[in-house]
Each structure stands twice: as structure tokens, then as C-alpha cells.
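Asks: Just passing along the structure, written as C-alpha cells.
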Amino acid sequence: MDGTNGDTIVEFRDVYKIFGPQPRGRALDLARSGIPKKEVQRLTGHVVGMTDVNFAVNRGEIFVVMGLSGSGKSTAIRMVNKLYDVTNGEVLVDGVDVQKLEGTQLQVFRREKMGMVFQHFALFPHRNVIDNVGYGLKVQKVDRDERNRAALHALSLVGLAPFADHRPAQLSGGMQQRVGLARALASDPDILLMDEAFSALDPLIRRQMQDEMMEIQSRVQKTILFITHDLNEALRIGDRVCIMKDGAVVQIGTPEEILTEPATGYVAEFVQDVDQGRVIKVHEVMTEPQPVPHDMSLSDAMTLCDDVTGRFCCDDEGKPVALLTAADGLRVRSMGSDDLKAALRSDFDKCSPEATLNEMYAAAGRGLSIAVVNDDGHLVGNLDPRLIMEEMGRVEQLIDGFEREVFM
Ligand SMILES: Nc1ncnc2c1ncn2[C@@H]1O[C@H](COP(=O)(O)OP(=O)(O)O)[C@@H](O)[C@H]1O
Ligand SMILES: [Mg+2]
């Protein structure tokens, strides 16, 4: 078993992958001495696909490798099934050094140990669903009856048994991806390799697929190595998440650990941007401006601030000129004054309705309402910093979500 403990099913040990004509030359030496990917590429023209990667996937877990495009996620998967050679180090599956497998041994290993699910379903359009699912078994020369039985069982796992005779084109995108999942399950492999499997699906379907996959996994107890560039997805489905950047592992941990103890600024930034996959525009969260008339008393004006952080006063043209915050109002009132002007401030921020919440995050950190103005400078909305923090504060929400799941 070569040092792997009983619970480990896939292990990367000191793995490097260099792309180029001389992968084991200077580029590898530089990568091994810790020179970053960009620099290695500049100096040698070689691409560092993976540098000093170490991780161990436990049997039966959903292990998610997450990172931006080009960070080395697909390379990781391709090294598990030896589509790519390892430049240096070892990839072990069930204690077997994958690099040492050749010919028939490798073929048997691939088809018995692992099933793959891709982003693009890659179904045969002219074959019906059951034949698509059973195709891998057919290649393995499994006879028709047994093949159909296995395919139907896999289809029933993904809830598509009634569609066995349909053509792929008759199914929705989400259903086609379930066929892809069934195809991977048909040969009953220990490991599912899923490369951006849900990334092409629209958000609602995608969530359903995530739920379904987790549900299936809890029933069939497969090990899933799941690749995604989406941190939300990673945190949602992963038992553990491995974050990669430029071919290197940045952090490995449970979703809770990633959220609450981000190992580096890089991870922290990702976590802060959780859910930024859908970029939220200011106009989606701003509220009606309801400006405060100049001639109002402070106490009346403050009733307008009941449920907002502040309200703006506008000039005759409707352009914001001053901000009344509940806090300033209270302070002036506590000094016995009811003078609105004494409570107004002019050091507020403005933005366009088309700005993103991301862009306004820093401004929101001041805790003051932000005036949303159109191209002519007219007040069109009130952006409450609490709303930005709420929208951006997905971290807390995610943690709440996890706690709910844990305790349910
Ligand atoms: N066959 C290849 N030849 C050369 N460079 C490659 C090859 N495959 C991947 N790379 C490079 O390796 C790095 C990691 O790629 P990849 O694993 O596909 O990233 P990801 O899946 O995270 O988007 C990238 O810089 C990519 O350009
Ligand atoms: Mg990829």
C-alpha cells in the first residue's frame, strides 16, 4: 500500500507537471526551487501546469479542486487517469503508482476505477439514452443484457429510467448532464472524476444537479474528485476544498475552514467575492431615494430615516447636495437642537446605477448611504451600505447555511 493509509484513495505526492519540449530540464529545476509559474515561463518558455502539489483524497468524500482558469485543475484530473504523464512526483490511486501502468493494465485501471463527467455532455446524438449510458460497457465487450441492466440501474440512480429510449436532443441540458453522470456510474467505478461538470448549466438547474449529485453520492458512496472554478459550488458540495493558483495548492480545508480561516490573501479575496459569479449591480439593491425637503424640521426628517441609514437633500434640479444620517440626526437632537441643517453632511459618495456592488464595497465600508445618480447627476436611488454588506456578506450566510445543514 506504499504508505497510504486505508482511507486514502487518491494521493498526489510532490507532483510537478511541466509542459514543453524539455519538461525535466531547467523549467523543473526552477519550479522546484519555488520560482513562480510566470517567471518559469519567461525564463524557459515552459508552462508550469502543476508545482509541488500534495493532497490526499479520502475514500467516499467529495473533494473539490477549485481555482481560476489555468490554475491546473484539469491537469490534476488528467494525471489521475494518466492522460498526462507526471513530470516529477507520484500520483497514487489505491496505493498504485499510476505512472507505472501501461497498456492493458492502464485500460483496465481506467475503466474499472474511474468514471468521467465533462462539462460538455459528449453524448452520441444518434443513440438513445440507454445506449449512451451503456456505451463504455459496450466498448468493454459486456454483453447486451448485462449492459442494459447496468445502464438502467445507473439511469434510475439519476431519476431518468423512464427516458431510456429517448434521444439526447429530446432532453433538457440538465437531463443530458444527468445522462452523462449515469454513463460515468454505469461501470460502477470507485472514483468519479468531474471536470466543470455543471459549469455550463444555468444556475437553478445547476443547484439541482449539485443536490442530486450529493444525494446519489450519499447512497452509492463513491469518491468524487470534482473540479470547478466557482467557489460557491466548491463550498456547497465539497467535503473538502483544495484551492489552486498558478499550478500550486494554496489551501486545503473544509468549507468552514476556507471561509473562516482563509490561508492567504488570495483565498480571502475569493471568499470575499463569494457569489460574485453573478455580478450584482447597484440598481438591483438601491431603494427609492425619497429626498428630505430642506425646510423640514430635524425631528420630522428623522422619521424618514426610520429604516434607512440616511436620506439625501437635493437642490432644485434634483441633484443630491447633503446627507442626513440617523446617527447625525440623533447626535444633534441630543444637543437639544431641531435644526436639520446642523445635522447635514456633504461628504457622501455617489455612484451610477450601473456600478457593481463590488466596486462600491470600499465606499460602503464608511457606513454612509451612497447617492445613486444618473448621467445628469439627478438622484435616482439610495444605496444603503447595510444592503451592500448584506449582499456581499455571503460568507456569514454560507456559514449559516452549513450550520443548518449540519444540524438538520
Ligand atoms: N497540453 C498542454 N500543453 C501545454 N500547456 C498546457 C496543456 N494543458 C494545460 N496546459 C497549461 O497548464 C496550465 C493549467 O491548465 P489546466 O489544468 O487546463 O487549467 P484549468 O483546468 O485550471 O483551467 C495552463 O497554463 C495551461 O495553459
Ligand atoms: Mg479545466
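To be explicit about the labels: the chains of the C-alpha cells are called A, B, and onward in the order shown, and within each one the residues are counted from 1, while ligands get numbers from 1 in the order they are shown.
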Within 7 Å of range 151-159 of chain A, counting only C-alpha atoms, which residues qualify if same-chain residues fewer than 3 places away don't, as a ChimeraX atom specification?
Replies: /A:130,133-134,147-148,178,182,185-186,216
Asks: Go ahead and save the picked residues with C-alpha atoms, as a compact mmCIF listing (two decimals), in the first residue's frame.
Replies:
```txt
# COMPACT_ATOMS: atom_id res chain seq x y z
CA ILE A 130 -29.69 3.81 -22.57
CA VAL A 133 -25.13 5.21 -20.81
CA GLY A 134 -24.04 1.69 -21.70
CA ARG A 147 -25.03 -3.73 -20.27
CA ASN A 148 -28.68 -2.69 -20.37
CA ARG A 178 -27.65 13.50 -15.72
CA ALA A 182 -25.31 7.92 -15.36
CA LEU A 185 -21.82 5.47 -12.93
CA ALA A 186 -22.71 2.59 -15.27
CA ILE A 216 -26.58 10.00 -5.17
```
Asks: Report the closest atom pair, with its distance in Å rounded to one decimal, for each residue of chain A that has an atom no farther than 7 Å from ligand 1; count only C-alpha atoms and all ligand atoms, sort by chain and then rising residue number, and write it as a Markdown table.
Replies:
```
| residue | atom | partner | partner_atom_place_in_ligand_line | distance |
| --- | --- | --- | --- | --- |
| A:Phe19 | CA | ligand 1 | 4 (C) | 4.8 |
| A:Gly20 | CA | ligand 1 | 4 (C) | 6.6 |
| A:Val47 | CA | ligand 1 | 5 (N) | 5.7 |
| A:Val48 | CA | ligand 1 | 12 (O) | 6.1 |
| A:Gly49 | CA | ligand 1 | 12 (O) | 3.8 |
| A:Gly67 | CA | ligand 1 | 22 (O) | 6.0 |
| A:Leu68 | CA | ligand 1 | 22 (O) | 6.0 |
| A:Ser69 | CA | ligand 1 | 23 (O) | 3.5 |
| A:Gly70 | CA | ligand 1 | 19 (O) | 3.4 |
| A:Ser71 | CA | ligand 1 | 22 (O) | 3.9 |
| A:Gly72 | CA | ligand 1 | 17 (O) | 3.2 |
| A:Lys73 | CA | ligand 1 | 22 (O) | 3.7 |
| A:Ser74 | CA | ligand 1 | 21 (O) | 3.6 |
| A:Thr75 | CA | ligand 1 | 17 (O) | 3.7 |
| A:Ala76 | CA | ligand 1 | 17 (O) | 6.5 |
| A:Gly247 | CA | ligand 1 | 14 (C) | 6.4 |
```
Asks: Could the residues in this selection be written to a file with N, CA and C atoms, as a PDB file, in the first residue's frame?
Replies:
```pdb
ATOM      1  N   PHE A  19       4.829  21.606 -19.006  1.00  0.00           N
ATOM      2  CA  PHE A  19       4.521  21.426 -20.429  1.00  0.00           C
ATOM      3  C   PHE A  19       5.611  22.102 -21.253  1.00  0.00           C
ATOM      4  N   GLY A  20       6.124  21.399 -22.253  1.00  0.00           N
ATOM      5  CA  GLY A  20       7.140  21.981 -23.130  1.00  0.00           C
ATOM      6  C   GLY A  20       8.065  20.894 -23.620  1.00  0.00           C
ATOM      7  N   VAL A  47       5.562  25.801 -19.666  1.00  0.00           N
ATOM      8  CA  VAL A  47       4.400  26.135 -18.841  1.00  0.00           C
ATOM      9  C   VAL A  47       4.362  25.213 -17.621  1.00  0.00           C
ATOM     10  N   VAL A  48       4.264  25.834 -16.453  1.00  0.00           N
ATOM     11  CA  VAL A  48       4.118  25.043 -15.230  1.00  0.00           C
ATOM     12  C   VAL A  48       2.640  24.735 -15.049  1.00  0.00           C
ATOM     13  N   GLY A  49       2.264  23.484 -15.256  1.00  0.00           N
ATOM     14  CA  GLY A  49       0.864  23.085 -15.089  1.00  0.00           C
ATOM     15  C   GLY A  49       0.568  22.809 -13.628  1.00  0.00           C
ATOM     16  N   GLY A  67     -10.240  26.664  -8.601  1.00  0.00           N
ATOM     17  CA  GLY A  67      -9.273  27.694  -8.960  1.00  0.00           C
ATOM     18  C   GLY A  67      -9.704  28.365 -10.241  1.00  0.00           C
ATOM     19  N   LEU A  68      -9.063  29.477 -10.552  1.00  0.00           N
ATOM     20  CA  LEU A  68      -9.385  30.185 -11.786  1.00  0.00           C
ATOM     21  C   LEU A  68      -8.919  29.371 -12.982  1.00  0.00           C
ATOM     22  N   SER A  69      -9.352  29.797 -14.149  1.00  0.00           N
ATOM     23  CA  SER A  69      -8.946  29.138 -15.383  1.00  0.00           C
ATOM     24  C   SER A  69      -7.416  29.156 -15.495  1.00  0.00           C
ATOM     25  N   GLY A  70      -6.849  28.020 -15.820  1.00  0.00           N
ATOM     26  CA  GLY A  70      -5.398  27.928 -15.981  1.00  0.00           C
ATOM     27  C   GLY A  70      -4.656  27.592 -14.705  1.00  0.00           C
ATOM     28  N   SER A  71      -5.384  27.385 -13.619  1.00  0.00           N
ATOM     29  CA  SER A  71      -4.706  27.144 -12.342  1.00  0.00           C
ATOM     30  C   SER A  71      -4.222  25.701 -12.205  1.00  0.00           C
ATOM     31  N   GLY A  72      -4.648  24.818 -13.101  1.00  0.00           N
ATOM     32  CA  GLY A  72      -4.130  23.451 -13.076  1.00  0.00           C
ATOM     33  C   GLY A  72      -5.135  22.390 -12.675  1.00  0.00           C
ATOM     34  N   LYS A  73      -6.417  22.744 -12.674  1.00  0.00           N
ATOM     35  CA  LYS A  73      -7.455  21.811 -12.214  1.00  0.00           C
ATOM     36  C   LYS A  73      -7.595  20.614 -13.144  1.00  0.00           C
ATOM     37  N   SER A  74      -7.743  20.894 -14.437  1.00  0.00           N
ATOM     38  CA  SER A  74      -7.915  19.786 -15.388  1.00  0.00           C
ATOM     39  C   SER A  74      -6.652  18.943 -15.448  1.00  0.00           C
ATOM     40  N   THR A  75      -5.515  19.585 -15.310  1.00  0.00           N
ATOM     41  CA  THR A  75      -4.248  18.853 -15.284  1.00  0.00           C
ATOM     42  C   THR A  75      -4.280  17.835 -14.143  1.00  0.00           C
ATOM     43  N   ALA A  76      -4.801  18.246 -13.013  1.00  0.00           N
ATOM     44  CA  ALA A  76      -4.874  17.340 -11.864  1.00  0.00           C
ATOM     45  C   ALA A  76      -5.680  16.098 -12.220  1.00  0.00           C
ATOM     46  N   GLY A 247      -0.963  26.672 -10.620  1.00  0.00           N
ATOM     47  CA  GLY A 247      -0.405  25.324 -10.539  1.00  0.00           C
ATOM     48  C   GLY A 247      -0.035  24.876  -9.135  1.00  0.00           C
TER      49      GLY A 247
END
```
Asks: To one decimal place in Å, what is the distance between CA of Gln251 in chain A and CA of Leu193 in chain A?
Replies: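 CA of Leu193 in chain A lies 20.4 Å from CA of Gln251 in chain A.
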Asks: Need to verify the contact set: Asp375 in chain A, 12 Å, only C-alpha atoms, exclusion of same-chain residues closer than 6 positions in sequence. Can you return it as a ChimeraX atom specification?
Replies: /A:319,350-354
Asks: Emit the selected residues as a compact mmCIF listing (two decimals), in the first residue's frame, including C-alpha atoms.
Replies:
```
# COMPACT_ATOMS: atom_id res chain seq x y z
CA LYS A 319 -29.22 66.66 -7.54
CA LYS A 350 -22.05 58.95 -5.36
CA CYS A 351 -22.27 56.21 -7.90
CA SER A 352 -24.06 55.17 -11.06
CA PRO A 353 -26.91 52.64 -11.02
CA GLU A 354 -24.73 50.52 -13.31
```
Asks: For Ala184 in chain A, which of A:Val64, A:Val80, A:Leu323, A:Ala150 is the closest residue, counting only C-alpha atoms?
Replies: A:Ala150
Asks: Taking the chain letters and numbering used in this document, name the residues of range 125-362 of chain A that DSSP puts in strand (DSSP E or B), as number ranges by chain.
Replies: A: 191-195, 223-228, 240-245, 248-253, 281, 287, 310-314, 320-325, 345, 350-351, 356
Asks: If you count only C-alpha atoms, which residues fall within 10 Å of Leu383 in chain A, apart from same-chain ones fewer than 2 positions away, as a PyMOL selection string?
Replies: chain A and resi 282-289+308-311+349-351+353+357+360+364+368-372+380-381+385-388
Asks: Next, dump the selected residues to file, keeping only C-alpha atoms, as a compact mmCIF listing (two decimals), in the first residue's frame.
Replies:
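The result, stored in result25.txt:
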```txt
# COMPACT_ATOMS: atom_id res chain seq x y z
CA VAL A 282 -26.33 48.89 -7.72
CA HIS A 283 -29.78 49.35 -9.29
CA GLU A 284 -30.71 45.85 -8.16
CA VAL A 285 -30.41 46.74 -4.48
CA MET A 286 -30.91 50.51 -4.29
CA THR A 287 -34.13 51.84 -2.82
CA GLU A 288 -36.41 54.77 -3.70
CA PRO A 289 -34.49 57.96 -2.89
CA VAL A 308 -32.53 53.51 6.28
CA THR A 309 -29.03 54.57 7.18
CA GLY A 310 -29.60 58.01 5.71
CA ARG A 311 -31.52 60.19 3.26
CA ASP A 349 -20.22 59.14 -2.05
CA LYS A 350 -22.05 58.95 -5.36
CA CYS A 351 -22.27 56.21 -7.90
CA PRO A 353 -26.91 52.64 -11.02
CA LEU A 357 -21.64 46.25 -5.51
CA MET A 360 -18.91 50.16 -4.02
CA ALA A 364 -19.93 51.18 1.83
CA LEU A 368 -22.81 56.17 4.96
CA SER A 369 -25.63 55.99 2.43
CA ILE A 370 -24.43 56.36 -1.14
CA ALA A 371 -26.28 58.60 -3.57
CA VAL A 372 -27.15 56.81 -6.79
CA VAL A 380 -32.32 58.12 -8.67
CA GLY A 381 -31.68 55.85 -5.73
CA PRO A 385 -24.37 50.40 2.97
CA ARG A 386 -26.09 47.72 5.03
CA LEU A 387 -27.61 46.31 1.84
CA ILE A 388 -24.19 46.07 0.24
```
Asks: So, counting only C-alpha atoms, which residue among A:Tyr266, A:Asn374, A:Ile62, A:Ile280 is closest to Glu359 in chain A?
Replies: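 Among A:Tyr266, A:Asn374, A:Ile62, A:Ile280, it is A:Ile280 that comes nearest to Glu359 in chain A.
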Asks: With distances taken over only C-alpha atoms, which of A:Leu181, A:Val40, A:Ala31, A:Ile227 is nearest to Ser199 in chain A?
Replies: A:Ile227
Asks: List the spatial neighbours of Ala122 in chain A as a list in words - criterion: any atom at most 12 Å away, only C-alpha atoms, same-chain residues fewer than 5 positions off excluded.
Replies: Met116, Val117, Arg127, Asn132, Val133, Tyr135, Pro168, Ala169, Gly173, Gln176, Gln177, Arg178, Val179, Gly180, Leu181, Arg183, Ala184 and Ala197 of chain A
Asks: Take the residues from that selection and write them out as a compact mmCIF listing (two decimals), in the first residue's frame, keeping C-alpha atoms.
Replies:
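result_39.txt written:
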```txt
# COMPACT_ATOMS: atom_id res chain seq x y z
CA MET A 116 -15.53 10.78 -16.04
CA VAL A 117 -18.13 13.51 -16.38
CA ARG A 127 -28.01 6.78 -29.94
CA ASN A 132 -25.27 6.27 -24.44
CA VAL A 133 -25.13 5.21 -20.81
CA TYR A 135 -21.53 2.73 -24.31
CA PRO A 168 -30.42 13.08 -26.08
CA ALA A 169 -31.81 16.01 -28.08
CA GLY A 173 -29.49 20.37 -20.68
CA GLN A 176 -28.43 15.43 -20.59
CA GLN A 177 -25.89 16.08 -17.88
CA ARG A 178 -27.65 13.50 -15.72
CA VAL A 179 -27.24 11.06 -18.58
CA GLY A 180 -23.54 11.96 -18.55
CA LEU A 181 -23.46 11.21 -14.84
CA ARG A 183 -22.78 6.97 -18.06
CA ALA A 184 -19.97 7.51 -15.57
CA ALA A 197 -19.42 19.10 -14.96
```
Asks: I'd like the contact shell of Leu101 in chain A - 12 Å cut-off, only C-alpha atoms, skipping same-chain residues fewer than 3 positions apart - returned as number ranges by chain.
Replies: A: 80-83, 85, 91-93, 96-98, 104-110
Asks: Keeping only C-alpha atoms, write the selected residues to a file as a PDB file, in the first residue's frame.
Replies:
```pdb
ATOM      1  CA  VAL A  80      -5.234  10.746 -12.006  1.00  0.00           C
ATOM      2  CA  ASN A  81      -6.106   8.714 -15.089  1.00  0.00           C
ATOM      3  CA  LYS A  82      -2.699   9.148 -16.737  1.00  0.00           C
ATOM      4  CA  LEU A  83      -3.930  11.144 -19.675  1.00  0.00           C
ATOM      5  CA  ASP A  85       2.428  11.996 -17.539  1.00  0.00           C
ATOM      6  CA  VAL A  91       0.120  10.072  -8.256  1.00  0.00           C
ATOM      7  CA  LEU A  92      -1.229   7.100  -6.325  1.00  0.00           C
ATOM      8  CA  VAL A  93      -4.669   5.582  -6.739  1.00  0.00           C
ATOM      9  CA  VAL A  96      -0.869   2.123  -7.118  1.00  0.00           C
ATOM     10  CA  ASP A  97       1.556   4.488  -8.833  1.00  0.00           C
ATOM     11  CA  VAL A  98      -0.466   5.476 -11.879  1.00  0.00           C
ATOM     12  CA  THR A 104      -3.955  -3.326 -20.881  1.00  0.00           C
ATOM     13  CA  GLN A 105      -3.281  -2.709 -17.205  1.00  0.00           C
ATOM     14  CA  LEU A 106      -3.856   1.008 -17.733  1.00  0.00           C
ATOM     15  CA  GLN A 107      -7.040   0.377 -19.721  1.00  0.00           C
ATOM     16  CA  VAL A 108      -8.442  -1.907 -17.058  1.00  0.00           C
ATOM     17  CA  PHE A 109      -7.471   0.573 -14.357  1.00  0.00           C
ATOM     18  CA  ARG A 110      -9.204   3.427 -16.157  1.00  0.00           C
TER      19      ARG A 110
END
```
Asks: Just the residues within 8 Å of Ala322 in chain A, please, counting only C-alpha atoms, with nothing from its chain fewer than 2 positions along; format it as number ranges by chain.
Replies: A: 312-314, 320, 324, 344-348
Asks: Emit the selected residues as an mmCIF file, in the first residue's frame, including C-alpha atoms.
Replies:
```
data_model
loop_
_atom_site.group_PDB
_atom_site.id
_atom_site.type_symbol
_atom_site.label_atom_id
_atom_site.label_comp_id
_atom_site.auth_asym_id
_atom_site.auth_seq_id
_atom_site.Cartn_x
_atom_site.Cartn_y
_atom_site.Cartn_z
ATOM 1 C CA PHE A 312 -30.389 62.882 0.869
ATOM 2 C CA CYS A 313 -31.405 66.500 0.413
ATOM 3 C CA CYS A 314 -31.466 67.639 -3.207
ATOM 4 C CA PRO A 320 -28.122 65.439 -4.108
ATOM 5 C CA LEU A 324 -28.855 63.200 6.757
ATOM 6 C CA LEU A 344 -26.479 67.539 7.308
ATOM 7 C CA ARG A 345 -23.181 66.385 5.901
ATOM 8 C CA SER A 346 -21.788 66.775 2.391
ATOM 9 C CA ASP A 347 -19.004 64.190 2.410
ATOM 10 C CA PHE A 348 -21.084 61.418 0.867
#
```
